[in-house]
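**Q** The file below is model29.cif, mmCIF, C-alpha atoms:
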```
data_target
loop_
_atom_site.group_PDB
_atom_site.id
_atom_site.type_symbol
_atom_site.label_atom_id
_atom_site.label_comp_id
_atom_site.auth_asym_id
_atom_site.auth_seq_id
_atom_site.Cartn_x
_atom_site.Cartn_y
_atom_site.Cartn_z
ATOM 1 C CA MET P 1384 -19.254 -8.063 -2.655
ATOM 2 C CA PRO P 1385 -16.400 -9.007 -5.041
ATOM 3 C CA SER P 1386 -15.240 -6.618 -7.736
ATOM 4 C CA ARG P 1387 -12.144 -5.705 -9.736
ATOM 5 C CA ASP P 1388 -10.474 -2.324 -10.110
ATOM 6 C CA ARG P 1389 -7.070 -0.632 -10.204
ATOM 7 C CA LEU P 1390 -5.258 1.267 -7.497
ATOM 8 C CA ALA P 1391 -5.053 4.947 -8.386
ATOM 9 C CA GLY P 1392 -3.204 6.428 -5.406
ATOM 10 C CA LEU P 1393 -3.545 7.589 -1.828
ATOM 11 C CA THR P 1394 -5.389 10.385 -0.101
ATOM 12 C CA GLU P 1395 -3.531 12.648 2.318
ATOM 13 C CA ALA P 1396 -4.955 10.516 5.141
ATOM 14 C CA GLY P 1397 -3.484 7.361 3.599
ATOM 15 C CA GLU P 1398 -6.722 5.913 2.241
ATOM 16 C CA ILE P 1399 -6.619 4.105 -1.092
ATOM 17 C CA ARG P 1400 -8.237 5.627 -4.159
ATOM 18 C CA LEU P 1401 -9.379 3.393 -7.009
ATOM 19 C CA THR P 1402 -9.581 4.324 -10.685
ATOM 20 C CA GLY P 1403 -13.353 3.924 -10.382
ATOM 21 C CA GLU P 1404 -13.243 6.935 -7.997
ATOM 22 C CA ARG P 1405 -14.153 4.839 -4.981
ATOM 23 C CA THR P 1406 -12.137 5.294 -1.785
ATOM 24 C CA ILE P 1407 -11.437 2.234 0.343
ATOM 25 C CA ARG P 1408 -9.848 1.452 3.679
ATOM 26 C CA LEU P 1409 -8.103 -1.849 4.186
ATOM 27 C CA ALA P 1410 -10.355 -4.040 6.342
ATOM 28 C CA ASP P 1411 -8.878 -5.294 9.650
ATOM 29 C CA LEU P 1412 -5.930 -2.898 9.367
ATOM 30 C CA ARG P 1413 -4.703 0.391 10.677
ATOM 31 C CA LEU P 1414 -1.735 2.042 8.992
ATOM 32 C CA PRO P 1415 0.933 3.689 11.169
ATOM 33 C CA GLU P 1416 0.373 7.413 11.551
ATOM 34 C CA ARG P 1417 3.947 8.664 11.737
ATOM 35 C CA GLY P 1418 7.554 7.529 11.875
ATOM 36 C CA PRO P 1419 9.661 5.291 9.598
ATOM 37 C CA ALA P 1420 7.042 2.516 9.338
ATOM 38 C CA ALA P 1421 4.400 5.042 8.292
ATOM 39 C CA GLU P 1422 6.679 6.409 5.575
ATOM 40 C CA ARG P 1423 7.513 2.917 4.293
ATOM 41 C CA SER P 1424 3.879 1.853 4.347
ATOM 42 C CA ARG P 1425 2.881 4.879 2.290
ATOM 43 C CA ALA P 1426 5.763 4.281 -0.135
ATOM 44 C CA VAL P 1427 4.693 0.655 -0.683
ATOM 45 C CA LEU P 1428 1.101 1.659 -1.390
ATOM 46 C CA LEU P 1429 2.153 4.462 -3.736
ATOM 47 C CA SER P 1430 4.398 2.040 -5.630
ATOM 48 C CA LEU P 1431 1.353 -0.107 -6.363
ATOM 49 C CA ALA P 1432 -0.520 2.645 -8.197
ATOM 50 C CA GLY P 1433 -1.894 1.266 -11.448
ATOM 51 C CA SER P 1434 -1.951 -2.318 -10.180
ATOM 52 C CA GLU P 1435 -5.016 -4.396 -10.919
ATOM 53 C CA VAL P 1436 -6.692 -5.697 -7.787
ATOM 54 C CA ASN P 1437 -9.499 -7.986 -6.750
ATOM 55 C CA LEU P 1438 -11.685 -6.515 -4.007
ATOM 56 C CA GLN P 1439 -13.970 -8.043 -1.444
ATOM 57 C CA LEU P 1440 -15.979 -5.040 -0.364
ATOM 58 C CA GLY P 1441 -17.916 -4.641 2.844
ATOM 59 C CA SER P 1442 -21.671 -4.244 2.784
ATOM 60 C CA ALA P 1443 -21.637 -0.458 3.196
ATOM 61 C CA SER P 1444 -19.374 2.566 3.272
ATOM 62 C CA ASP P 1445 -18.697 4.521 6.448
ATOM 63 C CA ARG P 1446 -19.789 8.096 7.119
ATOM 64 C CA TRP P 1447 -16.725 9.385 5.241
ATOM 65 C CA GLY P 1448 -17.629 7.406 2.129
ATOM 66 C CA ARG P 1449 -14.857 4.813 2.560
ATOM 67 C CA TRP P 1450 -15.564 1.179 1.789
ATOM 68 C CA PRO P 1451 -13.881 -1.508 3.909
ATOM 69 C CA ALA P 1452 -12.186 -3.942 1.556
ATOM 70 C CA ALA P 1453 -9.942 -6.975 1.463
ATOM 71 C CA VAL P 1454 -7.549 -6.311 -1.412
ATOM 72 C CA THR P 1455 -5.666 -8.923 -3.440
ATOM 73 C CA LEU P 1456 -3.106 -7.906 -6.036
ATOM 74 C CA ALA P 1457 -4.050 -9.689 -9.253
ATOM 75 C CA GLY P 1458 -1.506 -11.689 -11.225
ATOM 76 C CA ALA P 1459 -0.068 -15.138 -11.710
ATOM 77 C CA ALA P 1460 0.732 -15.256 -7.977
ATOM 78 C CA PRO P 1461 -1.973 -13.174 -6.235
ATOM 79 C CA VAL P 1462 -0.808 -11.325 -3.121
ATOM 80 C CA LYS P 1463 -3.118 -10.338 -0.275
ATOM 81 C CA LEU P 1464 -2.266 -6.752 0.535
ATOM 82 C CA ALA P 1465 -3.202 -6.938 4.231
ATOM 83 C CA GLU P 1466 -0.964 -9.953 4.846
ATOM 84 C CA LEU P 1467 1.895 -8.259 2.989
ATOM 85 C CA LEU P 1468 1.723 -5.069 5.057
ATOM 86 C CA VAL P 1469 1.247 -6.804 8.409
ATOM 87 C CA ALA P 1470 4.094 -9.275 7.750
ATOM 88 C CA GLU P 1471 6.465 -6.357 7.098
ATOM 89 C CA GLY P 1472 5.345 -4.477 10.207
ATOM 90 C CA LEU P 1473 3.810 -1.761 8.033
ATOM 91 C CA ALA P 1474 0.271 -2.109 9.370
ATOM 92 C CA LEU P 1475 -1.387 -2.971 12.670
ATOM 93 C CA VAL P 1476 -4.301 -5.355 13.052
ATOM 94 C CA ASP P 1477 -7.487 -3.501 13.966
ATOM 95 C CA PRO P 1478 -11.082 -4.661 13.413
ATOM 96 C CA GLY P 1479 -12.223 -1.046 13.559
ATOM 97 C CA PRO P 1480 -15.954 -0.735 14.260
ATOM 98 C CA ALA P 1481 -16.573 -4.447 13.591
ATOM 99 C CA ASP P 1482 -17.312 -6.883 16.431
ATOM 100 C CA ALA P 1483 -14.637 -9.302 15.184
ATOM 101 C CA LEU P 1484 -11.822 -9.601 12.701
ATOM 102 C CA CYS P 1485 -12.770 -10.866 9.255
ATOM 103 C CA ARG P 1486 -9.344 -12.540 9.104
ATOM 104 C CA PRO P 1487 -8.236 -13.501 12.629
ATOM 105 C CA ALA P 1488 -5.163 -15.232 11.151
ATOM 106 C CA LEU P 1489 -3.713 -11.730 10.711
ATOM 107 C CA LEU P 1490 -2.931 -11.731 14.437
ATOM 108 C CA ALA P 1491 -0.518 -14.643 13.931
ATOM 109 C CA THR P 1492 1.078 -12.790 11.021
ATOM 110 C CA GLU P 1493 1.462 -9.729 13.224
ATOM 111 C CA ALA P 1494 2.950 -11.836 16.027
ATOM 112 C CA ALA P 1495 5.644 -13.095 13.657
ATOM 113 C CA ALA P 1496 6.457 -9.538 12.550
ATOM 114 C CA ARG P 1497 6.619 -8.436 16.175
ATOM 115 C CA ALA P 1498 8.992 -11.294 17.062
ATOM 116 C CA GLN P 1499 11.238 -10.313 14.158
ATOM 117 C CA LYS P 1500 11.031 -6.611 15.106
ATOM 118 C CA ALA P 1501 9.905 -5.794 11.591
ATOM 119 C CA GLY P 1502 8.720 -2.329 10.667
ATOM 120 C CA ILE P 1503 6.881 -0.519 13.447
ATOM 121 C CA TRP P 1504 7.871 -3.226 15.945
ATOM 122 C CA SER P 1505 11.484 -2.047 15.730
ATOM 123 C CA GLU P 1506 10.475 1.463 16.785
ATOM 124 C CA PRO P 1507 10.693 2.465 20.470
ATOM 125 C CA GLY P 1508 7.559 1.944 22.528
ATOM 126 C CA TRP P 1509 5.775 -0.706 20.496
ATOM 127 C CA PRO P 1510 3.868 -2.243 22.146
ATOM 128 C CA ILE P 1511 3.431 0.474 24.795
ATOM 129 C CA PRO P 1512 3.853 -0.812 28.361
ATOM 130 C CA ALA P 1513 0.678 -0.319 30.385
ATOM 131 C CA THR P 1514 2.818 1.233 33.121
ATOM 132 C CA ASP P 1515 4.198 3.964 30.819
ATOM 133 C CA LEU P 1516 1.527 6.527 31.627
ATOM 134 C CA GLU P 1517 3.386 9.368 29.933
ATOM 135 C CA ALA P 1518 3.576 7.499 26.625
ATOM 136 C CA LEU P 1519 -0.100 6.554 26.887
ATOM 137 C CA ARG P 1520 -1.117 10.142 27.543
ATOM 138 C CA GLU P 1521 0.901 11.253 24.511
ATOM 139 C CA ARG P 1522 -1.214 8.906 22.367
ATOM 140 C CA ALA P 1523 -4.534 10.366 23.534
ATOM 141 C CA GLY P 1524 -7.010 10.195 20.661
ATOM 142 C CA ARG P 1525 -4.824 7.765 18.701
ATOM 143 C CA PHE P 1526 -4.629 4.020 18.241
ATOM 144 C CA ALA P 1527 -2.193 2.023 20.364
ATOM 145 C CA VAL P 1528 -1.147 -1.548 21.079
ATOM 146 C CA ILE P 1529 -0.551 -1.964 24.817
ATOM 147 C CA GLU P 1530 0.883 -4.761 26.966
ATOM 148 C CA GLY P 1531 0.693 -5.119 30.710
ATOM 149 C CA ARG P 1532 -0.207 -7.230 33.720
ATOM 150 C CA ILE P 1533 -3.775 -7.077 34.996
ATOM 151 C CA VAL P 1534 -3.732 -6.218 38.702
ATOM 152 C CA SER P 1535 -7.473 -6.386 39.396
ATOM 153 C CA ILE P 1536 -10.779 -6.782 37.590
ATOM 154 C CA GLY P 1537 -14.116 -5.155 38.343
ATOM 155 C CA GLU P 1538 -17.158 -6.766 36.739
ATOM 156 C CA ARG P 1539 -20.190 -4.483 36.547
ATOM 157 C CA ARG P 1540 -23.554 -4.869 34.866
ATOM 158 C CA ASP P 1541 -22.741 -2.911 31.710
ATOM 159 C CA ARG P 1542 -18.968 -3.220 31.501
ATOM 160 C CA THR P 1543 -15.905 -4.786 33.029
ATOM 161 C CA TYR P 1544 -12.838 -2.854 34.164
ATOM 162 C CA LEU P 1545 -9.341 -4.279 33.752
ATOM 163 C CA ASP P 1546 -7.018 -2.395 36.102
ATOM 164 C CA PHE P 1547 -3.308 -2.335 35.298
ATOM 165 C CA GLY P 1548 -2.309 -0.498 38.464
ATOM 166 C CA ARG P 1549 -3.360 -0.039 42.069
ATOM 167 C CA ASP P 1550 -4.564 3.541 41.647
ATOM 168 C CA TRP P 1551 -7.511 3.467 39.253
ATOM 169 C CA SER P 1552 -7.683 7.276 39.335
ATOM 170 C CA ARG P 1553 -4.335 7.627 37.518
ATOM 171 C CA ASP P 1554 -3.193 4.207 36.245
ATOM 172 C CA PHE P 1555 -4.148 2.632 32.925
ATOM 173 C CA VAL P 1556 -7.575 0.980 32.790
ATOM 174 C CA ALA P 1557 -9.191 -0.978 29.950
ATOM 175 C CA THR P 1558 -12.977 -1.130 29.794
ATOM 176 C CA VAL P 1559 -14.822 -3.986 28.133
ATOM 177 C CA PRO P 1560 -18.511 -3.555 27.201
ATOM 178 C CA ARG P 1561 -20.872 -6.304 28.344
ATOM 179 C CA ARG P 1562 -21.354 -7.881 24.892
ATOM 180 C CA VAL P 1563 -17.591 -8.005 24.281
ATOM 181 C CA TRP P 1564 -16.894 -9.358 27.778
ATOM 182 C CA ALA P 1565 -19.264 -12.258 27.077
ATOM 183 C CA ALA P 1566 -17.361 -13.060 23.878
ATOM 184 C CA VAL P 1567 -14.021 -12.771 25.702
ATOM 185 C CA ALA P 1568 -15.228 -15.143 28.432
ATOM 186 C CA ARG P 1569 -16.290 -17.710 25.829
ATOM 187 C CA ARG P 1570 -12.646 -17.840 24.776
ATOM 188 C CA GLY P 1571 -11.624 -18.778 28.299
ATOM 189 C CA MET P 1572 -10.542 -15.263 29.271
ATOM 190 C CA THR P 1573 -12.692 -15.045 32.379
ATOM 191 C CA ALA P 1574 -11.982 -12.755 35.312
ATOM 192 C CA ALA P 1575 -10.422 -15.642 37.233
ATOM 193 C CA ALA P 1576 -8.199 -16.586 34.280
ATOM 194 C CA LEU P 1577 -7.125 -13.023 33.484
ATOM 195 C CA ARG P 1578 -6.294 -11.749 36.963
ATOM 196 C CA GLY P 1579 -2.522 -11.461 37.338
ATOM 197 C CA ARG P 1580 -1.874 -12.293 33.684
ATOM 198 C CA THR P 1581 -0.064 -10.225 31.087
ATOM 199 C CA VAL P 1582 -2.215 -9.342 28.105
ATOM 200 C CA ARG P 1583 -1.991 -7.377 24.890
ATOM 201 C CA LEU P 1584 -4.850 -5.106 23.875
ATOM 202 C CA ARG P 1585 -5.452 -2.440 21.305
ATOM 203 C CA GLY P 1586 -7.693 0.526 20.705
ATOM 204 C CA VAL P 1587 -7.883 4.315 20.795
ATOM 205 C CA VAL P 1588 -6.449 5.867 23.947
ATOM 206 C CA GLU P 1589 -8.732 8.214 25.866
ATOM 207 C CA ILE P 1590 -7.902 10.217 28.960
ATOM 208 C CA ARG P 1591 -10.532 9.910 31.654
ATOM 209 C CA ARG P 1592 -9.058 9.984 35.137
ATOM 210 C CA GLY P 1593 -6.055 8.148 33.741
ATOM 211 C CA PRO P 1594 -5.383 6.620 30.293
ATOM 212 C CA ASN P 1595 -8.158 4.307 29.107
ATOM 213 C CA VAL P 1596 -8.854 2.044 26.138
ATOM 214 C CA GLU P 1597 -12.263 0.574 25.397
ATOM 215 C CA VAL P 1598 -11.952 -2.958 24.015
ATOM 216 C CA LEU P 1599 -14.526 -3.009 21.224
ATOM 217 C CA ALA P 1600 -14.012 -6.563 19.958
ATOM 218 C CA ALA P 1601 -12.881 -9.820 21.555
ATOM 219 C CA ASP P 1602 -10.028 -10.049 19.045
ATOM 220 C CA MET P 1603 -8.545 -6.879 20.549
ATOM 221 C CA LEU P 1604 -7.611 -8.677 23.793
ATOM 222 C CA GLU P 1605 -4.904 -11.378 23.652
ATOM 223 C CA TRP P 1606 -2.698 -13.369 26.001
ATOM 224 C CA ALA P 1607 0.835 -11.951 25.977
ATOM 225 C CA ASP P 1608 2.561 -14.229 28.499
ATOM 226 C CA GLY P 1609 2.320 -17.605 26.818
ATOM 227 C CA GLN P 1610 -0.420 -20.144 26.352
ATOM 228 C CA PRO P 1611 -3.837 -19.818 27.999
ATOM 229 C CA GLY P 1612 -3.756 -21.173 31.548
ATOM 230 C CA ARG P 1613 -0.034 -20.561 31.989
ATOM 231 C CA HIS P 1614 0.959 -18.502 35.048
#
```
Would you mind writing the structure in this file as structure tokens?

**A**
Amino acid sequence: MPSRDRLAGLTEAGEIRLTGERTIRLADLRLPERGPAAERSRAVLLSLAGSEVNLQLGSASDRWGRWPAAVTLAGAAPVKLAELLVAEGLALVDPGPADALCRPALLATEAAARAQKAGIWSEPGWPIPATDLEALRERAGRFAVIEGRIVSIGERRDRTYLDFGRDWSRDFVATVPRRVWAAVARRGMTAAALRGRTVRLRGVVEIRRGPNVEVLAADMLEWADGQPGRH
């Protein structure tokens, strides 16, 4: 649903307010919560207050009244706000509750920022190693980008377990719901292909027996050790 508005400011939680009194969240993105990148991200968004923007709104708001939106700064040379923030390392790619990214090309933009150690990627611990259990526990209830080598895989009827250590009762485990696992497999990331490979995944860290992330979309699981099929 396209529309036009102006940026009015930010809420305390970092959501964008429009002059039309609507609150939006940037689709496919998650802003850093703390640290230098979080401060810079907030400063950039505050500096844009009053700017005219073109919006591509999602079909519905969430339970907090926020509308997912792709935002483009209007002008002679329009700038896509998501691409700008991700390229500077001031936002992380996250499809949120969606089954897939609306703009999967953002992952390539993020990869370039990560290679250049821009923004959050210059801060210690990003991505978090899957073996750093202390760091993972410290991020309980918060979003994280994690990299590690898959030691074993357990396929069950309703979900698949990606084990990143030998002791599943304490080591990091990623769980993949059945519908997401089917989408992952269609991309060539089958159990046979993934076993022993280093991957990058993202999501909210939970503490069960050990740290756990549920992979809610196929886009949230990527190869991190080169091209598919490389060992």

**Q** Evaluated on this file, the PyMOL selection byres ((chain P and resi 1497-1507) around 6) picks out some residues - which ones are they, written as a PyMOL selection string?

**A** chain P and resi 1420+1471-1473+1494-1496+1508-1509

**Q** Would you save the residues from that selection as a CSV table (one decimal), in the coordinates of the input, using C-alpha atoms?

**A**
```csv
chain,number,residue,atom,x,y,z
P,1420,ALA,CA,7.0,2.5,9.3
P,1471,GLU,CA,6.5,-6.4,7.1
P,1472,GLY,CA,5.3,-4.5,10.2
P,1473,LEU,CA,3.8,-1.8,8.0
P,1494,ALA,CA,3.0,-11.8,16.0
P,1495,ALA,CA,5.6,-13.1,13.7
P,1496,ALA,CA,6.5,-9.5,12.6
P,1508,GLY,CA,7.6,1.9,22.5
P,1509,TRP,CA,5.8,-0.7,20.5
```

**Q** Find, counting only C-alpha atoms, the residue in P:Gly1448, P:Gly1548, P:Gly1403, P:Pro1510 that gets nearest to Arg1585 of chain P.

**A**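 Among P:Gly1448, P:Gly1548, P:Gly1403, P:Pro1510, it is P:Pro1510 that comes nearest to Arg1585 of chain P.
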
**Q** Please identify all polymer residues within 10 Å of Leu1484 of chain P, counting only C-alpha atoms, omitting same-chain residues fewer than 3 positions from it, and present them as an NGL selection string.

**A** :P and (1410-1412 or 1476-1481 or 1487-1490 or 1600-1603)

**Q** Can you work out which one of P:Leu1599, P:Ile1536, P:Ala1491, P:Val1582 has the shortest atom-to-atom distance to Ala1566 of chain P, counting only C-alpha atoms?

**A**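 Residue with the minimum atom-to-atom distance to Ala1566 of chain P: P:Leu1599.
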
**Q** Which of these residues is nearest to Glu1521 of chain P, using only C-alpha atoms: P:Leu1428, P:Leu1438, P:Gly1593, P:Ile1533?

**A** P:Gly1593

**Q** Taking the file as shown, find all residues satisfying the PyMOL selection byres ((chain P and resi 1555) around 6) and write them as a PyMOL selection string.

**A** chain P and resi 1547+1554+1556+1593-1595

**Q** Could you name the residues that touch Arg1525 of chain P at 9 Å or less, counting only C-alpha atoms, but leaving out those on the same chain fewer than 4 positions away, as a list in words?

**A**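 In the requested format, the answer is Glu1416, Glu1521, Gly1586, Val1587, Val1588 and Glu1589 of chain P.
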
**Q** Do a neighbour search on Val1598 of chain P at 8 Å with all atoms listed in the file, toss out local chain neighbours closer than 4 positions, and write the hits as a PyMOL selection string.

**A** chain P and resi 1557-1560+1563+1584-1586+1603-1604

**Q** Box along x, y and z, 3 Å on every side, all listed atoms of segment 1440-1446 of chain P inside: centre and edge lengths in Å to one decimal, as JSON.

**A**
```
{"center_x": -18.8, "center_y": 1.5, "center_z": 3.4, "size_x": 11.7, "size_y": 19.1, "size_z": 13.5}
```

**Q** One decimal, Å: what's the distance from atom CA of Arg1520 of chain P over to atom CA of Tyr1544 of chain P, could you say?

**A**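 Between these atoms lies a distance of 18.7 Å.
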